[in-house]
Structure formats: C-alpha cells, structure tokens
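Chemist: Sending over a structure as structure tokens; questions will come in a sec.
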Amino acid sequence: MLLKKMMSRDWLLLWLLALPGILHFVVFRYVPMFGNVIAFQDYSIFSGILDSPWVGFKHFANMFTYAEFYNILRNTLVLSLYSIVFGFPAPLVLALLLNEIRKTWFKKQVQTLLYLPHFLSWVIVGGIFINLLSIDGFLNTIVGWFGVSKTDFLTQPEYFRGIIVSVGIWKEMGWGMIIYLAALSGINPSLYEAAMVDGAGRFRQMWSITLPSLMPAIIVLFLLRVGHVLDSNVEQVLIMLNPLVRDVGEVMDTYVYRVGLLGAQFSLTTAIGIFKSLVGLLLVVGLNTLSRKTTGESIY
C-alpha cells in the first residue's frame with residue numbers, strides 16, 4: 001500500500017521537485033565525507049586514497065603535540081567567544097528596535113539598509129575597512145585633525161580581534177535580524193492589546209510578551225551558533241590578516257588553508273577538520289540536551 005502511494009503521480013512530482021536538493025547533498029555533502037579517511041593515512045596525491053599507507057592516529061597525535069596548535073586553538077575560541085557574546089545578541093536587539101518603528105515606509109527603508117552589507121563580498125568589505133583603518137585612511141585623517149598620532153590599526157595586535165568581530169557584526173547583523181522579524185510577525189497582537197489594557201508600557205510588553213515569544217527562535221539559533229564555535233570566517237580573516245598580527249589572528253581555518261592547501265599537508269589538516277566537527281557535535285548534543293531539560297526548547 002505504501003509503495004503504491006509513493007508511486008502515485010503526486011508523490012512522483014514531489015520526488016522530482018526534491019531531486020535537485022537531494023543530489024546536491026549527496027554529491028557535495030555526503031560523498032566527500034569518505035575523503036576523511038586520509039586523516040588516518042600518509043596521503044599522497046600521486047598514490048591516491050587506495051594506495052596511500054595507513055598510519056592510524058599519527059596525524060591526530062602530531063596535531064596535539066604541534067607547538068602552535070594551542071595558540072591557534074586559543075585564537076579561534078577567543079574570536080568565537082567575542083562573536084557569540086557581542087554578535088549573537090546584535091540581530092535580536094536590532095529586530096526589537098526596528099519592531100518599535102511605527103512608520104511602515106521608514107521601517108522598510110531602514111531594514112533594507114541594514115541587511116544590504118550581507119550581499120557585499122568580503123573582498124569588497126575587507127578592502128573598504130583596510131582603507132578606512134590604514135595609516136593614511138579616513139579614520140586616521142579624522143583623528144589627526146585633533147592632534148592625535150596616527151595608528152595603523154590592522155597591524156596592532158591589541159586592535160585586531162576587536163576589528164574582526166566588529167566588522168563581522170556590521171556585515172551580518174542585518175541579515176540575522178530577518179529571522180527575528182519573521183518570528184515577531186507571528187506574535188498574536190491580542191497579547192499586546194491585553195497588556196495595554198492592564199497598563200503595561202512598551203518596555204514591559206517587550207520583556208513579558210516579545211522576548212518569551214522569541215525564546216524558541218533564540219535557543220535554536222544559539223545552539224546552531226555554538227556548533228560552529230571552532231569555525232571562523234576564513235575569507236574575512238584571510239583578507240585582514242597580516243604577519244604583524246598572526247600571533248593573535250591565526251585561526252584554525254586560516255591554518256588549514258596555509259598548511260593544508262599551500263603546504264600540501266592534506267592528512268594533518270583533515271585530522272584538524274575531524275577534530276573541529278567532533279567538538280561541534282558534542283557541544284550541540286550536550287547543550288541541546290541541557291536546553292530541553294531546563295527550558296523545554298531544543299532543535300530535535
């Protein structure tokens with residue numbers, strides 16, 4: 001009976017509609033996962049996967065004994081922590097502020113301007129901020145009018161992490177705001193009407209109605225964000241990174257690019273990729289379980 005139903009015309013149309021997406025995930029997501037076996041080999045592009053010698057956990061051991069690994073891990077965690085602490089609430093705050101605008105035409109214009117930077121490539125954004133923050137850039141020109149000495153901000157380790165996080169927030173917070181705006185539109189207006197009858201002000205309505213209604217979306221997005229704690233925006237960091245700030249700016253993704261692709265150490269960098277995936281999986285599963293037990297909300 002089930003087979004007959006699946007062979008019906010409507011089901012066939014649904015399968016045909018879903019086929020491009022299924023093929024995309026199979027070809028570009030699942031098939032490449034078999035290449036992870038090179039983390040357990042001394043892989044050579046000339047020998048291939050089948051003929052490269054097996055070495056077990058040699059590359060994982062090398063990864064943890066590598067002198068720079070813990071510095072790179074620390075840089076990655078610090079940037080991710082800054083992004084979560086300052087970047088994760090930014091779209092939520094922006095959505096709450098934008099939701100208070102009552103002029104629809106003005107609200108739409110502001111929303112468009114806010115998520116426009118998302119569509120700019122990191123090459124363009126990086127070029128803009130490199131020029132703004134350079135020794136002869138716009139910012140130094142402005143502070144120079146007040147007699148302040150010029151500083152090449154992108155070559156100063158104490159400024160680099162703050163710049164990376166701030167630029168990332170500026171570029172993506174408008175796009176992340178869209179999800180919260182969609183969730184806000186689903187809140188029942190009668191809740192606000194009842195609150196106004198009871199004398200609740202705008203702030204009280206936001207605290208008692210808006211935020212609790214957004215909590216499922218907040219928790220899901222937070223759990224998904226934590227799963228990428230060891231991931232960095234490799235395009236952004238590569239564009240803004242320079243030798244003078246490598247000690248504080250080198251992250252796992254840029255190291256994989258430099259050593260794996262440019263240095264042809266494919267097995268070592270594949271081991272690093274597996275390590276990142278395992279950490280992300282454990283964090284998502286653990287925090288999802290904790291969230292389900294404490295708040296009742298979870299992603300599965």
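Every chain in the structure tokens has a letter given in the order shown (A, B, ...), and although residue numbers restart at 1 in each chain, ligands are simply numbered from 1 in the order shown.
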Can you write out as CSV which residues of stretch 249-297 of chain A fall within 12 Å of stretch 54-57 of chain A, alongside each residue's closest atom pair and its distance in Å to one decimal, counting only C-alpha atoms and ordering rows by chain and ascending residue number?
Modeler:
```
residue,atom,partner,partner_atom,distance
A:Ser267,CA,A:Val55,CA,10.2
A:Leu268,CA,A:Phe57,CA,10.2
A:Thr270,CA,A:Phe57,CA,11.9
A:Ala271,CA,A:Phe57,CA,8.9
A:Ile272,CA,A:Phe57,CA,11.8
A:Ile274,CA,A:Phe57,CA,11.9
A:Phe275,CA,A:Phe57,CA,11.9
```
Chemist: Based on the selection just made, write N, CA, C and O atoms of those residues as a JSON list (two decimals), in the first residue's frame.
Modeler:
```
[["chain", "number", "residue", "atom", "x", "y", "z"],
["A", 267, "SER", "N", 46.65, 15.31, 5.02],
["A", 267, "SER", "CA", 46.24, 14.40, 6.10],
["A", 267, "SER", "C", 46.14, 15.13, 7.43],
["A", 267, "SER", "O", 45.19, 14.93, 8.19],
["A", 268, "LEU", "N", 47.13, 15.97, 7.74],
["A", 268, "LEU", "CA", 47.13, 16.70, 9.01],
["A", 268, "LEU", "C", 45.94, 17.63, 9.09],
["A", 268, "LEU", "O", 45.23, 17.68, 10.12],
["A", 270, "THR", "N", 43.14, 17.47, 7.45],
["A", 270, "THR", "CA", 41.90, 16.69, 7.52],
["A", 270, "THR", "C", 41.64, 16.23, 8.94],
["A", 270, "THR", "O", 40.49, 16.23, 9.42],
["A", 271, "ALA", "N", 42.69, 15.86, 9.65],
["A", 271, "ALA", "CA", 42.55, 15.49, 11.07],
["A", 271, "ALA", "C", 42.05, 16.68, 11.88],
["A", 271, "ALA", "O", 41.20, 16.52, 12.78],
["A", 272, "ILE", "N", 42.53, 17.88, 11.57],
["A", 272, "ILE", "CA", 42.04, 19.08, 12.25],
["A", 272, "ILE", "C", 40.56, 19.30, 11.96],
["A", 272, "ILE", "O", 39.77, 19.65, 12.85],
["A", 274, "ILE", "N", 38.30, 16.99, 11.27],
["A", 274, "ILE", "CA", 37.54, 15.99, 12.03],
["A", 274, "ILE", "C", 37.45, 16.41, 13.49],
["A", 274, "ILE", "O", 36.39, 16.28, 14.13],
["A", 275, "PHE", "N", 38.56, 16.92, 14.04],
["A", 275, "PHE", "CA", 38.56, 17.39, 15.43],
["A", 275, "PHE", "C", 37.54, 18.51, 15.62],
["A", 275, "PHE", "O", 36.76, 18.51, 16.60]]
```
Chemist: Name the residues in contact with stretch 29-39 of chain A at a cut-off of 12 Å, using only C-alpha atoms, excluding same-chain residues fewer than 3 positions from it; report them as a PDB file with N, CA, C and O atoms, in the first residue's frame.
Modeler:
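Final file, result.pdb:
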```
ATOM      1  N   GLY A  21      17.780  19.057  -4.821  1.00  0.00           N
ATOM      2  CA  GLY A  21      18.317  19.262  -3.474  1.00  0.00           C
ATOM      3  C   GLY A  21      18.943  18.007  -2.909  1.00  0.00           C
ATOM      4  O   GLY A  21      20.003  18.060  -2.270  1.00  0.00           O
ATOM      5  N   ILE A  22      18.307  16.850  -3.147  1.00  0.00           N
ATOM      6  CA  ILE A  22      18.847  15.578  -2.664  1.00  0.00           C
ATOM      7  C   ILE A  22      20.188  15.291  -3.327  1.00  0.00           C
ATOM      8  O   ILE A  22      21.157  14.900  -2.655  1.00  0.00           O
ATOM      9  N   LEU A  23      20.257  15.493  -4.640  1.00  0.00           N
ATOM     10  CA  LEU A  23      21.514  15.255  -5.363  1.00  0.00           C
ATOM     11  C   LEU A  23      22.614  16.189  -4.877  1.00  0.00           C
ATOM     12  O   LEU A  23      23.783  15.790  -4.773  1.00  0.00           O
ATOM     13  N   HIS A  24      22.251  17.437  -4.589  1.00  0.00           N
ATOM     14  CA  HIS A  24      23.247  18.391  -4.091  1.00  0.00           C
ATOM     15  C   HIS A  24      23.879  17.888  -2.789  1.00  0.00           C
ATOM     16  O   HIS A  24      25.108  17.891  -2.640  1.00  0.00           O
ATOM     17  N   PHE A  25      23.041  17.442  -1.849  1.00  0.00           N
ATOM     18  CA  PHE A  25      23.558  16.979  -0.565  1.00  0.00           C
ATOM     19  C   PHE A  25      24.345  15.678  -0.716  1.00  0.00           C
ATOM     20  O   PHE A  25      25.371  15.487  -0.058  1.00  0.00           O
ATOM     21  N   VAL A  26      23.876  14.791  -1.590  1.00  0.00           N
ATOM     22  CA  VAL A  26      24.588  13.525  -1.768  1.00  0.00           C
ATOM     23  C   VAL A  26      25.955  13.764  -2.394  1.00  0.00           C
ATOM     24  O   VAL A  26      26.980  13.249  -1.917  1.00  0.00           O
ATOM     25  N   ASP A  42      49.092   8.504   5.370  1.00  0.00           N
ATOM     26  CA  ASP A  42      50.060   9.459   4.837  1.00  0.00           C
ATOM     27  C   ASP A  42      49.680   9.685   3.385  1.00  0.00           C
ATOM     28  O   ASP A  42      50.246   9.085   2.460  1.00  0.00           O
ATOM     29  N   TYR A  43      48.708  10.534   3.185  1.00  0.00           N
ATOM     30  CA  TYR A  43      48.096  10.686   1.871  1.00  0.00           C
ATOM     31  C   TYR A  43      49.038  11.371   0.888  1.00  0.00           C
ATOM     32  O   TYR A  43      49.719  12.346   1.219  1.00  0.00           O
ATOM     33  N   SER A  44      49.069  10.817  -0.312  1.00  0.00           N
ATOM     34  CA  SER A  44      49.825  11.411  -1.411  1.00  0.00           C
ATOM     35  C   SER A  44      48.890  11.546  -2.606  1.00  0.00           C
ATOM     36  O   SER A  44      48.157  10.606  -2.936  1.00  0.00           O
ATOM     37  N   ILE A  45      48.903  12.702  -3.229  1.00  0.00           N
ATOM     38  CA  ILE A  45      48.022  12.911  -4.373  1.00  0.00           C
ATOM     39  C   ILE A  45      48.418  12.026  -5.551  1.00  0.00           C
ATOM     40  O   ILE A  45      47.611  11.775  -6.439  1.00  0.00           O
ATOM     41  N   SER A  47      49.602   8.807  -5.118  1.00  0.00           N
ATOM     42  CA  SER A  47      49.192   7.443  -4.795  1.00  0.00           C
ATOM     43  C   SER A  47      47.680   7.304  -4.688  1.00  0.00           C
ATOM     44  O   SER A  47      47.116   6.248  -4.941  1.00  0.00           O
ATOM     45  N   GLY A  48      47.020   8.396  -4.280  1.00  0.00           N
ATOM     46  CA  GLY A  48      45.578   8.343  -4.117  1.00  0.00           C
ATOM     47  C   GLY A  48      45.175   7.712  -2.797  1.00  0.00           C
ATOM     48  O   GLY A  48      46.013   7.224  -2.022  1.00  0.00           O
ATOM     49  N   ILE A  49      43.886   7.694  -2.523  1.00  0.00           N
ATOM     50  CA  ILE A  49      43.377   7.162  -1.259  1.00  0.00           C
ATOM     51  C   ILE A  49      43.626   5.660  -1.142  1.00  0.00           C
ATOM     52  O   ILE A  49      43.989   5.150  -0.074  1.00  0.00           O
ATOM     53  N   LEU A  50      43.475   4.940  -2.229  1.00  0.00           N
ATOM     54  CA  LEU A  50      43.559   3.479  -2.167  1.00  0.00           C
ATOM     55  C   LEU A  50      44.974   2.992  -1.901  1.00  0.00           C
ATOM     56  O   LEU A  50      45.168   1.959  -1.255  1.00  0.00           O
ATOM     57  N   ASP A  51      45.983   3.698  -2.390  1.00  0.00           N
ATOM     58  CA  ASP A  51      47.364   3.222  -2.279  1.00  0.00           C
ATOM     59  C   ASP A  51      48.197   3.970  -1.245  1.00  0.00           C
ATOM     60  O   ASP A  51      49.368   3.630  -1.039  1.00  0.00           O
ATOM     61  N   SER A  52      47.638   4.987  -0.601  1.00  0.00           N
ATOM     62  CA  SER A  52      48.394   5.703   0.436  1.00  0.00           C
ATOM     63  C   SER A  52      48.483   4.844   1.694  1.00  0.00           C
ATOM     64  O   SER A  52      47.509   4.179   2.071  1.00  0.00           O
ATOM     65  N   PRO A  53      49.639   4.820   2.363  1.00  0.00           N
ATOM     66  CA  PRO A  53      49.807   3.948   3.546  1.00  0.00           C
ATOM     67  C   PRO A  53      48.994   4.431   4.745  1.00  0.00           C
ATOM     68  O   PRO A  53      48.848   5.630   4.977  1.00  0.00           O
ATOM     69  N   TRP A  54      48.472   3.469   5.521  1.00  0.00           N
ATOM     70  CA  TRP A  54      47.703   3.775   6.717  1.00  0.00           C
ATOM     71  C   TRP A  54      48.649   4.012   7.893  1.00  0.00           C
ATOM     72  O   TRP A  54      49.609   3.279   8.087  1.00  0.00           O
ATOM     73  N   VAL A  55      48.365   5.049   8.682  1.00  0.00           N
ATOM     74  CA  VAL A  55      49.228   5.390   9.819  1.00  0.00           C
ATOM     75  C   VAL A  55      48.432   5.539  11.119  1.00  0.00           C
ATOM     76  O   VAL A  55      48.978   5.984  12.135  1.00  0.00           O
ATOM     77  N   GLY A  56      47.173   5.175  11.120  1.00  0.00           N
ATOM     78  CA  GLY A  56      46.359   5.250  12.330  1.00  0.00           C
ATOM     79  C   GLY A  56      46.138   6.678  12.800  1.00  0.00           C
ATOM     80  O   GLY A  56      45.786   7.552  12.011  1.00  0.00           O
ATOM     81  N   PHE A  57      46.402   6.922  14.089  1.00  0.00           N
ATOM     82  CA  PHE A  57      46.138   8.233  14.679  1.00  0.00           C
ATOM     83  C   PHE A  57      47.393   9.113  14.736  1.00  0.00           C
ATOM     84  O   PHE A  57      47.473  10.026  15.557  1.00  0.00           O
ATOM     85  N   LYS A  58      48.331   8.840  13.852  1.00  0.00           N
ATOM     86  CA  LYS A  58      49.589   9.594  13.831  1.00  0.00           C
ATOM     87  C   LYS A  58      49.355  11.101  13.674  1.00  0.00           C
ATOM     88  O   LYS A  58      49.945  11.911  14.403  1.00  0.00           O
ATOM     89  N   HIS A  59      48.494  11.493  12.755  1.00  0.00           N
ATOM     90  CA  HIS A  59      48.284  12.917  12.485  1.00  0.00           C
ATOM     91  C   HIS A  59      47.515  13.600  13.608  1.00  0.00           C
ATOM     92  O   HIS A  59      47.710  14.803  13.858  1.00  0.00           O
ATOM     93  N   PHE A  60      46.654  12.858  14.300  1.00  0.00           N
ATOM     94  CA  PHE A  60      45.974  13.436  15.459  1.00  0.00           C
ATOM     95  C   PHE A  60      46.972  13.688  16.581  1.00  0.00           C
ATOM     96  O   PHE A  60      46.903  14.708  17.277  1.00  0.00           O
ATOM     97  N   ALA A  61      47.904  12.739  16.764  1.00  0.00           N
ATOM     98  CA  ALA A  61      48.951  12.922  17.776  1.00  0.00           C
ATOM     99  C   ALA A  61      49.835  14.116  17.416  1.00  0.00           C
ATOM    100  O   ALA A  61      50.189  14.926  18.284  1.00  0.00           O
ATOM    101  N   ASN A  62      50.201  14.228  16.137  1.00  0.00           N
ATOM    102  CA  ASN A  62      51.018  15.365  15.692  1.00  0.00           C
ATOM    103  C   ASN A  62      50.286  16.685  15.903  1.00  0.00           C
ATOM    104  O   ASN A  62      50.897  17.705  16.241  1.00  0.00           O
ATOM    105  N   MET A  63      48.977  16.662  15.691  1.00  0.00           N
ATOM    106  CA  MET A  63      48.182  17.875  15.851  1.00  0.00           C
ATOM    107  C   MET A  63      48.259  18.389  17.292  1.00  0.00           C
ATOM    108  O   MET A  63      48.479  19.575  17.533  1.00  0.00           O
ATOM    109  N   GLY A 260      47.438  23.195   4.809  1.00  0.00           N
ATOM    110  CA  GLY A 260      46.818  22.111   4.041  1.00  0.00           C
ATOM    111  C   GLY A 260      46.854  22.340   2.548  1.00  0.00           C
ATOM    112  O   GLY A 260      47.310  21.471   1.789  1.00  0.00           O
ATOM    113  N   GLN A 265      49.856  19.517   3.187  1.00  0.00           N
ATOM    114  CA  GLN A 265      49.758  18.552   4.296  1.00  0.00           C
ATOM    115  C   GLN A 265      48.279  18.181   4.480  1.00  0.00           C
ATOM    116  O   GLN A 265      47.629  18.552   5.455  1.00  0.00           O
ATOM    117  N   PHE A 266      47.764  17.440   3.526  1.00  0.00           N
ATOM    118  CA  PHE A 266      46.332  17.162   3.469  1.00  0.00           C
ATOM    119  C   PHE A 266      45.867  16.287   4.632  1.00  0.00           C
ATOM    120  O   PHE A 266      44.777  16.488   5.160  1.00  0.00           O
ATOM    121  N   SER A 267      46.652  15.312   5.024  1.00  0.00           N
ATOM    122  CA  SER A 267      46.237  14.402   6.096  1.00  0.00           C
ATOM    123  C   SER A 267      46.143  15.125   7.433  1.00  0.00           C
ATOM    124  O   SER A 267      45.187  14.930   8.193  1.00  0.00           O
ATOM    125  N   LEU A 268      47.133  15.969   7.744  1.00  0.00           N
ATOM    126  CA  LEU A 268      47.131  16.702   9.005  1.00  0.00           C
ATOM    127  C   LEU A 268      45.936  17.633   9.094  1.00  0.00           C
ATOM    128  O   LEU A 268      45.231  17.676  10.119  1.00  0.00           O
ATOM    129  N   THR A 269      45.671  18.391   8.036  1.00  0.00           N
ATOM    130  CA  THR A 269      44.572  19.350   8.082  1.00  0.00           C
ATOM    131  C   THR A 269      43.202  18.654   8.039  1.00  0.00           C
ATOM    132  O   THR A 269      42.230  19.194   8.559  1.00  0.00           O
ATOM    133  N   THR A 270      43.141  17.467   7.446  1.00  0.00           N
ATOM    134  CA  THR A 270      41.896  16.694   7.520  1.00  0.00           C
ATOM    135  C   THR A 270      41.635  16.233   8.944  1.00  0.00           C
ATOM    136  O   THR A 270      40.491  16.233   9.417  1.00  0.00           O
ATOM    137  N   ALA A 271      42.693  15.856   9.650  1.00  0.00           N
ATOM    138  CA  ALA A 271      42.552  15.493  11.075  1.00  0.00           C
ATOM    139  C   ALA A 271      42.045  16.679  11.883  1.00  0.00           C
ATOM    140  O   ALA A 271      41.199  16.520  12.781  1.00  0.00           O
ATOM    141  N   ILE A 272      42.528  17.880  11.571  1.00  0.00           N
ATOM    142  CA  ILE A 272      42.042  19.081  12.254  1.00  0.00           C
ATOM    143  C   ILE A 272      40.557  19.297  11.963  1.00  0.00           C
ATOM    144  O   ILE A 272      39.771  19.652  12.848  1.00  0.00           O
ATOM    145  N   GLY A 273      40.145  19.071  10.716  1.00  0.00           N
ATOM    146  CA  GLY A 273      38.741  19.209  10.353  1.00  0.00           C
ATOM    147  C   GLY A 273      37.846  18.238  11.110  1.00  0.00           C
ATOM    148  O   GLY A 273      36.751  18.595  11.559  1.00  0.00           O
ATOM    149  N   ILE A 274      38.302  16.991  11.267  1.00  0.00           N
ATOM    150  CA  ILE A 274      37.537  15.994  12.028  1.00  0.00           C
ATOM    151  C   ILE A 274      37.450  16.408  13.493  1.00  0.00           C
ATOM    152  O   ILE A 274      36.395  16.280  14.131  1.00  0.00           O
ATOM    153  N   PHE A 275      38.557  16.919  14.044  1.00  0.00           N
ATOM    154  CA  PHE A 275      38.556  17.393  15.433  1.00  0.00           C
ATOM    155  C   PHE A 275      37.536  18.512  15.624  1.00  0.00           C
ATOM    156  O   PHE A 275      36.758  18.508  16.595  1.00  0.00           O
ATOM    157  N   SER A 277      34.831  19.084  13.843  1.00  0.00           N
ATOM    158  CA  SER A 277      33.481  18.533  13.698  1.00  0.00           C
ATOM    159  C   SER A 277      33.035  17.806  14.962  1.00  0.00           C
ATOM    160  O   SER A 277      31.885  17.936  15.392  1.00  0.00           O
TER     161      SER A 277
END
```
Chemist: Write out as a list of chain:residue names the residues lying within 8 Å of A:Ile164, counting only C-alpha atoms and excluding same-chain residues fewer than 3 positions away.
Modeler: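 Near A:Ile164, the qualifying residues are A:Phe160, A:Arg161, A:Val167, A:Gly168, A:Gln236, A:Val237, A:Met240.
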Chemist: How would you write, as a PyMOL selection string, the set of residues in stretch 88-258 of chain A that DSSP gives as alpha helix (DSSP H)?
Modeler: chain A and resi 89-99+104-115+122-133+138-144+157-185+189-197+202-205+211-226+234-240+246-249+252-255
Chemist: Need to verify the contact set: A:Val123, 8 Å, only C-alpha atoms, exclusion of same-chain residues closer than 2 positions in sequence. Can you return it as a PyMOL selection string?
Modeler: chain A and resi 121+125-127+235-236+239
Chemist: Could those selected residues go to a file with all heavy atoms, as an mmCIF file, in the first residue's frame?
Modeler:
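Okay, out.cif is ready:
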```cif
data_model
loop_
_atom_site.group_PDB
_atom_site.id
_atom_site.type_symbol
_atom_site.label_atom_id
_atom_site.label_comp_id
_atom_site.auth_asym_id
_atom_site.auth_seq_id
_atom_site.Cartn_x
_atom_site.Cartn_y
_atom_site.Cartn_z
ATOM 1 N N SER A 121 30.597 41.111 -0.939
ATOM 2 C CA SER A 121 31.594 40.072 -0.683
ATOM 3 C C SER A 121 32.622 40.579 0.319
ATOM 4 O O SER A 121 32.798 41.794 0.509
ATOM 5 C CB SER A 121 32.293 39.688 -1.990
ATOM 6 O OG SER A 121 33.157 40.724 -2.412
ATOM 7 N N VAL A 125 34.201 44.310 1.341
ATOM 8 C CA VAL A 125 34.141 44.813 2.720
ATOM 9 C C VAL A 125 35.539 44.939 3.309
ATOM 10 O O VAL A 125 35.871 45.937 3.959
ATOM 11 C CB VAL A 125 33.272 43.880 3.586
ATOM 12 C CG1 VAL A 125 33.328 44.291 5.051
ATOM 13 C CG2 VAL A 125 31.835 43.894 3.096
ATOM 14 N N GLY A 126 36.376 43.915 3.078
ATOM 15 C CA GLY A 126 37.744 43.970 3.583
ATOM 16 C C GLY A 126 38.512 45.142 2.995
ATOM 17 O O GLY A 126 39.235 45.844 3.718
ATOM 18 N N GLY A 127 38.355 45.368 1.690
ATOM 19 C CA GLY A 127 39.035 46.498 1.049
ATOM 20 C C GLY A 127 38.587 47.830 1.626
ATOM 21 O O GLY A 127 39.406 48.740 1.852
ATOM 22 N N GLU A 235 37.316 33.797 4.964
ATOM 23 C CA GLU A 235 37.506 34.857 3.973
ATOM 24 C C GLU A 235 37.868 36.168 4.654
ATOM 25 O O GLU A 235 38.808 36.858 4.244
ATOM 26 C CB GLU A 235 36.242 35.023 3.135
ATOM 27 C CG GLU A 235 35.880 33.813 2.292
ATOM 28 C CD GLU A 235 34.601 34.043 1.518
ATOM 29 O OE1 GLU A 235 34.166 35.206 1.403
ATOM 30 O OE2 GLU A 235 34.027 33.067 1.019
ATOM 31 N N GLN A 236 37.120 36.522 5.694
ATOM 32 C CA GLN A 236 37.379 37.775 6.391
ATOM 33 C C GLN A 236 38.759 37.793 7.022
ATOM 34 O O GLN A 236 39.515 38.767 6.865
ATOM 35 C CB GLN A 236 36.316 38.000 7.472
ATOM 36 C CG GLN A 236 36.537 39.280 8.271
ATOM 37 C CD GLN A 236 35.663 39.355 9.501
ATOM 38 O OE1 GLN A 236 35.035 38.367 9.881
ATOM 39 N NE2 GLN A 236 35.615 40.503 10.131
ATOM 40 N N ILE A 239 41.669 37.985 4.485
ATOM 41 C CA ILE A 239 41.805 39.296 3.847
ATOM 42 C C ILE A 239 42.468 40.298 4.795
ATOM 43 O O ILE A 239 43.307 41.105 4.376
ATOM 44 C CB ILE A 239 40.430 39.807 3.383
ATOM 45 C CG1 ILE A 239 39.952 38.972 2.189
ATOM 46 C CG2 ILE A 239 40.486 41.282 2.995
ATOM 47 C CD1 ILE A 239 38.519 39.216 1.808
#
```
Chemist: Hey, which of A:Gly176, A:Pro189, A:Gly162, A:Gly87 ends up closest to A:Gln111? Count only C-alpha atoms.
Modeler: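 Result for the nearest residue to A:Gln111: A:Gly176.
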Chemist: Counting only C-alpha atoms, which of A:Asn140, A:Asn131, A:Thr254, A:Ser298 gets nearest to A:Ala217?
Modeler: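 Among A:Asn140, A:Asn131, A:Thr254, A:Ser298, it is A:Ser298 that comes nearest to A:Ala217.
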Chemist: Which one of A:Val259, A:Val165, A:Leu281, A:Leu184 sits closest to A:Thr76 if you count only C-alpha atoms?
Modeler: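 Among the listed residues, A:Val165 lies closest to A:Thr76.
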